Amino acid sequence: MGLRLLPLGAGQDVGRSCVLLTIANKTIMFDCGMHMGYNDSRRFPDFSYLSRSLNFDGVLDAVVISHFHLDHCGALPYFTEKCGSGYSGPIYMTYPTRAIAPLLLEDMRKVAVERKGETDFFTQDDIRRCMKKVVPVDLGQRIVLSCGVELTAYYAGHVLGAAMFHAKYGAESVVYTGDYNMTPDRHLGSAWLPPLRPDLLITETTYATFTRSSKRGRERSFLHTIHQAVAKGGKVLIPVFALGRAQELCILVEDYWSRTESVQKVPIYFSAGLTERANEYYKLFISWTSEKIKKTFVDRNMFDFRHIKPFDMKLADEPGPCVLFASPGMLHAGTSLEVFKKWCWSPLNTVILPGYCVAGTVGAKVLSGEKTIQIDRYTKVEVKMAVKNLSFSAHADQPGIMRLIRMCEPRNVMLVHGESGKMKVLAEKVEKEITIPVFWPANGEGIDVGTRGLAEFIVDRGVLGKRAAVDDQSDSIDTMKRSSKDDINEMRRPEPQPFRGRLHLPANVSDASSTQPIPEILPLSPSKPEPKTFTLRKRFFPVAYLPSFASTKPSDHDTTAVTILSSLFTNLVTELTNALPDLLILSKITEKDLWVGVTHPGDADGSNCLVEVRPGPYPHSYIEVKWGEEALRSPSKVVDRLTATLNVIVK
């Protein structure tokens with residue numbers, strides 16, 4: 001048993017994301033992107049690694065797209081409709097990604113075909129046929145693919161609809177992050193994963209060695225740079241991708257213009273068409289946005305900008321100061337590049353690059369300080385305008401990547417979507433601080449990752465001793481399957497003897513000695529066995545999911561569910577304080593985090609809680625109670641008292 005990984009793109013590189021996973025002889029492609037730094041065949045992944053005959057239906061079981069950015073989905077119509085015999089199987093992505101990806105693909109096609117004159121490119125019909133293969137998924141929805149692999153999506157932040165995917169077959173599992181952001185911003189929340197403990201976590205590493213400065217400081221510098229430029233009569237060009245940073249920075253500038261009278265006569269524009277439609281999708285999928293936007297949506301939609309107007313190319317030649325948000329974000333094509341060529345000659349003007357620029361793009365050349373830039377075979381420009389790089393990228397920085405790894409608790413990590421040297425630095429940090437193996441293969445370089453075999457057993461718990469690790473599947477829905485009742489009283493903890501569960505065997509069972517007795521079977525961790533933990537789940541249907549709430553706006557569902565849960569957890573703390581006077585009750589009850597822990601009086605930081613209570617992941621359909629063996633031995637009968645209290649509170 002084991003996993004086989006082969007990056008076709010984003011291996012020691014940023015762009016052209018495409019990773020092949022083989023799990024139990026099932027093959028899944030994560031992302032299918034293009035490289036922004038190339039205009040030839042190198043911009044697409046080399047799909048011949050998947051099949052020399054380019055007959056993909058016979059070797060590929062599914063395609064999973066993490067989000068709509070072109071470096072993650074830009075090669076999709078080419079792969080499914082034009083490459084070899086194409087691919088006719090299912091493509092999985094979230095609902096917002098399915099809605100927005102065709103817009104970006106069509107916009108790219110127009111640039112390539114109508115502006116650059118390329119002939120061997122996918123067509124509008126290719127995009128339509130490709131999107132017909134898409135199967136949309138919701139966050140937290142568990143989908144079983146036709147090949148038997150279970151797929152679950154988790155919130156990634158980054159851009160609207162971005163998701164991390166957990167793929168599981170039997171006992172083997174992988175988490176693929178795509179791009180994610182661990183810091184909430186003005187319009188999106190932060191990425192989140194439960195402790196899935198997969199065999200492998202595949203994480204992006206765009207900012208593998210970078211630690212961001214204060215967000216408020218960056219916002220002040222950004223607004224100060226704009227104000228100074230327009231006060232001198234200059235023009236400010238802000239290249240952004242149509243979705244993500246465009247909305248974040250538009251909200252920031254809109255707010256500044258609303259409260260700063262001295263700049264209100266200076267026009268602000270965004271490139272018309274694509275960004276306008278993008279804003280409409282933010283309104284449509286408002287439930288994917290930040291809590292602040294969802295709460296204020298009823299009174300005022302933050303995407304209805306009062307000071308920002310659509311841009312027409314004729315305005316680029318108008319005299320006087322202005323601010324322009326133009327796509328795309330790396331100055332490699334489109335409106336942003338055309339305006340850059342018009343404005344770059346004047347030292348009064350400023351270009352602010354708020355995100356990462358792939359090597360080879362005009363944006364990367366500008367950031368490197370080049371003063372004479374060859375745009376194409378026929379165009380060379382002199383750069384005299386001021387250049388500023390203020391990172392508002394929606395990628396996790398190094399502390400954020402480390403935090404996600406600790407959150408997910410994987411057995412191995414694979415680094416993609418980053419620069420080789422920086423990957424090495426991050427890999428050494430992960431191996432030193434978290435002590436798990438790290439891989440960072442190049443494109444076309446396959447790796448094999450050993451996994452845990454599982455064997456069913458019914459055995460006296462004492463036979464196993466301390467050298468075998470028991471996996472009670474506490475983080476899967478299996479716990480719910482084993483119970484035909486919803487009430488937590490019916491979901492009894494396992495009897496001490498005999499114990500039914502699963503036993504972890506070596507990664508390659510066939511290599512184990514046939515005479516090896518059961519007590520000698522390797523534990524899950526080389527250093528020490530994982531502690532035994534138990535999980536019960538109490539069904540919880542917040543008002544957002546009741547028929548009586550069906551007439552209310554969908555955007556209120558999440559906020560209402562969290563409000564009810566906050567009240568429930570507050571009551572739980574009060575009741576437990578009275579029911580368990582000899583123990584310490586800890587809690588964290590905020591809009592972003594709900595948690596109650598029961599521990600010994602000396603454990604003030606909650607590092608060794610006897611019992612922990614949390615809401616289940618979105619859509620909050622259950623409340624999860626976790627405890628270890630120490631809680632079972634507690635003379636206070638903490639588990640029984642807590643579950644009894646929950647039964648009273650949750651109705």
# chains A, B, ... in the order shown; residues from 1 in each chain; ligands from 1

$ closest_atom_pairs --of "range 282-388 of chain A" --to "range 253-269 of chain A" --cutoff "7 Å" --atoms "only C-alpha atoms" --output "tab-separated table"
residue	atom	partner	partner_atom	distance
A:Phe305	CA	A:Glu254	CA	6.8
A:His307	CA	A:Glu254	CA	6.2
A:Ile308	CA	A:Ile268	CA	4.9
A:Lys309	CA	A:Tyr269	CA	4.8
A:Pro310	CA	A:Tyr269	CA	5.4
A:Phe311	CA	A:Tyr269	CA	5.2
A:Pro321	CA	A:Val266	CA	6.3
A:Cys322	CA	A:Pro267	CA	5.1
A:Val323	CA	A:Ile268	CA	4.7
A:Leu324	CA	A:Tyr269	CA	4.7
A:Phe325	CA	A:Tyr269	CA	6.2

$ write_last_selection --atoms "all heavy atoms" --output "compact mmCIF listing (two decimals), in the first residue's frame"
# COMPACT_ATOMS: atom_id res chain seq x y z
N PHE A 305 -19.90 49.88 -5.18
CA PHE A 305 -18.95 50.98 -4.98
C PHE A 305 -19.54 52.31 -5.46
O PHE A 305 -20.11 52.39 -6.55
CB PHE A 305 -17.65 50.68 -5.72
CG PHE A 305 -16.98 49.41 -5.28
CD1 PHE A 305 -16.74 48.38 -6.18
CD2 PHE A 305 -16.61 49.23 -3.95
CE1 PHE A 305 -16.13 47.21 -5.77
CE2 PHE A 305 -16.00 48.06 -3.54
CZ PHE A 305 -15.76 47.04 -4.45
N HIS A 307 -17.60 55.34 -5.41
CA HIS A 307 -16.55 56.19 -5.99
C HIS A 307 -15.82 55.51 -7.14
O HIS A 307 -15.08 56.18 -7.87
CB HIS A 307 -15.53 56.57 -4.90
CG HIS A 307 -16.12 57.40 -3.80
ND1 HIS A 307 -16.31 58.76 -3.90
CD2 HIS A 307 -16.57 57.05 -2.57
CE1 HIS A 307 -16.85 59.21 -2.78
NE2 HIS A 307 -17.01 58.20 -1.95
N ILE A 308 -15.98 54.22 -7.32
CA ILE A 308 -15.23 53.48 -8.34
C ILE A 308 -16.13 53.23 -9.55
O ILE A 308 -17.22 52.67 -9.42
CB ILE A 308 -14.71 52.15 -7.77
CG1 ILE A 308 -13.86 52.42 -6.51
CG2 ILE A 308 -13.88 51.40 -8.81
CD1 ILE A 308 -13.37 51.17 -5.81
N LYS A 309 -15.65 53.63 -10.71
CA LYS A 309 -16.44 53.56 -11.94
C LYS A 309 -15.76 52.67 -12.98
O LYS A 309 -14.55 52.47 -12.94
CB LYS A 309 -16.63 54.97 -12.53
CG LYS A 309 -17.19 56.00 -11.53
CD LYS A 309 -18.55 55.59 -11.02
CE LYS A 309 -19.09 56.61 -10.02
NZ LYS A 309 -20.37 56.17 -9.41
N PRO A 310 -16.54 52.18 -13.95
CA PRO A 310 -15.96 51.36 -15.02
C PRO A 310 -14.99 52.17 -15.88
O PRO A 310 -15.16 53.37 -16.07
CB PRO A 310 -17.17 50.91 -15.84
CG PRO A 310 -18.33 51.05 -14.91
CD PRO A 310 -18.02 52.21 -14.02
N PHE A 311 -13.97 51.50 -16.40
CA PHE A 311 -12.91 52.14 -17.16
C PHE A 311 -13.09 51.88 -18.65
O PHE A 311 -13.45 50.78 -19.06
CB PHE A 311 -11.56 51.61 -16.70
CG PHE A 311 -10.38 52.15 -17.46
CD1 PHE A 311 -9.94 53.45 -17.26
CD2 PHE A 311 -9.71 51.35 -18.38
CE1 PHE A 311 -8.85 53.95 -17.96
CE2 PHE A 311 -8.62 51.83 -19.07
CZ PHE A 311 -8.19 53.13 -18.86
N PRO A 321 -4.90 63.49 -12.68
CA PRO A 321 -4.68 62.28 -11.87
C PRO A 321 -5.86 61.33 -11.91
O PRO A 321 -7.01 61.74 -12.15
CB PRO A 321 -4.48 62.84 -10.46
CG PRO A 321 -5.27 64.11 -10.45
CD PRO A 321 -5.14 64.68 -11.84
N CYS A 322 -5.59 60.08 -11.67
CA CYS A 322 -6.64 59.06 -11.52
C CYS A 322 -6.02 57.81 -10.93
O CYS A 322 -4.79 57.67 -10.85
CB CYS A 322 -7.30 58.75 -12.87
SG CYS A 322 -6.24 57.87 -14.03
N VAL A 323 -6.88 56.89 -10.51
CA VAL A 323 -6.45 55.59 -9.99
C VAL A 323 -7.15 54.52 -10.82
O VAL A 323 -8.36 54.61 -11.04
CB VAL A 323 -6.81 55.42 -8.50
CG1 VAL A 323 -6.38 54.04 -7.99
CG2 VAL A 323 -6.17 56.51 -7.65
N LEU A 324 -6.40 53.52 -11.27
CA LEU A 324 -6.98 52.47 -12.11
C LEU A 324 -6.60 51.09 -11.59
O LEU A 324 -5.43 50.76 -11.44
CB LEU A 324 -6.48 52.61 -13.55
CG LEU A 324 -6.84 51.44 -14.50
CD1 LEU A 324 -8.35 51.30 -14.65
CD2 LEU A 324 -6.17 51.63 -15.86
N PHE A 325 -7.63 50.29 -11.28
CA PHE A 325 -7.45 48.86 -11.03
C PHE A 325 -7.66 48.15 -12.36
O PHE A 325 -8.75 48.24 -12.95
CB PHE A 325 -8.47 48.34 -10.02
CG PHE A 325 -8.30 48.88 -8.63
CD1 PHE A 325 -8.99 50.01 -8.22
CD2 PHE A 325 -7.46 48.25 -7.74
CE1 PHE A 325 -8.84 50.51 -6.94
CE2 PHE A 325 -7.30 48.75 -6.45
CZ PHE A 325 -7.98 49.87 -6.05

$ residues_around --residues "Leu583 in chain A" --least-positions-apart "4" --cutoff "10 Å" --atoms "only C-alpha atoms" --output "PyMOL selection string"
chain A and resi 576-577+579+598-603+610+636+638

$ closest_residue --among "A:Asp185, A:Gly33, A:Cys73, A:Lys341" --to "Thr372 in chain A" --atoms "only C-alpha atoms"
A:Lys341

$ select_by_dssp --residues "range 286-414 of chain A" --states "strand (DSSP E or B)" --output "list in words"
Ile308, Lys309, Pro310, Phe311, Cys322, Val323, Leu324, Phe325, Ala326, Thr350, Val351, Ile352, Leu353, Thr372, Ile373, Gln374, Lys380, Val381, Glu382, Ala386, Val387, Lys388, Asn389, Val413 and Met414 of chain A

$ residues_around --residues "Ser190 in chain A" --least-positions-apart "4" --cutoff "6 Å" --atoms "only C-alpha atoms" --output "PyMOL selection string"
chain A and resi 157+181-184

$ residues_around --residues "Pro319 in chain A" --least-positions-apart "3" --cutoff "10 Å" --atoms "only C-alpha atoms" --output "list in words"
Gly233, Gly234, Lys235, Leu315, Ala316 and Cys322 of chain A

$ write_last_selection --atoms "all heavy atoms" --output "compact mmCIF listing (two decimals), in the first residue's frame"
# COMPACT_ATOMS: atom_id res chain seq x y z
N GLY A 233 -0.53 65.10 -9.12
CA GLY A 233 -1.09 65.10 -10.47
C GLY A 233 -0.78 63.86 -11.27
O GLY A 233 -1.02 63.81 -12.48
N GLY A 234 -0.28 62.81 -10.61
CA GLY A 234 0.07 61.58 -11.31
C GLY A 234 -1.06 60.57 -11.38
O GLY A 234 -2.07 60.69 -10.69
N LYS A 235 -0.83 59.58 -12.21
CA LYS A 235 -1.79 58.48 -12.37
C LYS A 235 -1.23 57.25 -11.65
O LYS A 235 -0.02 57.02 -11.64
CB LYS A 235 -2.00 58.16 -13.84
CG LYS A 235 -2.50 59.34 -14.67
CD LYS A 235 -2.64 58.95 -16.13
CE LYS A 235 -2.95 60.16 -17.01
NZ LYS A 235 -4.24 60.78 -16.67
N LEU A 315 -10.03 56.70 -21.59
CA LEU A 315 -9.71 57.48 -20.39
C LEU A 315 -8.22 57.43 -20.06
O LEU A 315 -7.72 58.27 -19.31
CB LEU A 315 -10.52 56.96 -19.19
CG LEU A 315 -12.04 57.10 -19.30
CD1 LEU A 315 -12.73 56.30 -18.19
CD2 LEU A 315 -12.45 58.57 -19.22
N ALA A 316 -7.49 56.47 -20.62
CA ALA A 316 -6.06 56.36 -20.33
C ALA A 316 -5.28 57.57 -20.84
O ALA A 316 -4.20 57.89 -20.31
CB ALA A 316 -5.51 55.08 -20.94
N CYS A 322 -5.59 60.08 -11.67
CA CYS A 322 -6.64 59.06 -11.52
C CYS A 322 -6.02 57.81 -10.93
O CYS A 322 -4.79 57.67 -10.85
CB CYS A 322 -7.30 58.75 -12.87
SG CYS A 322 -6.24 57.87 -14.03

$ residues_around --residues "Ala162 in chain A" --least-positions-apart "6" --cutoff "10 Å" --atoms "only C-alpha atoms" --output "list in words"
Ile65, Ser66, His67, Phe68, His69, Met93, Thr94, Tyr95, Pro96, Thr97, Leu139, Ala153, Tyr154, Tyr155, Ala156, Thr177, Gly178, Asp179, Tyr180, Asn181, Ala191 and Trp288 of chain A
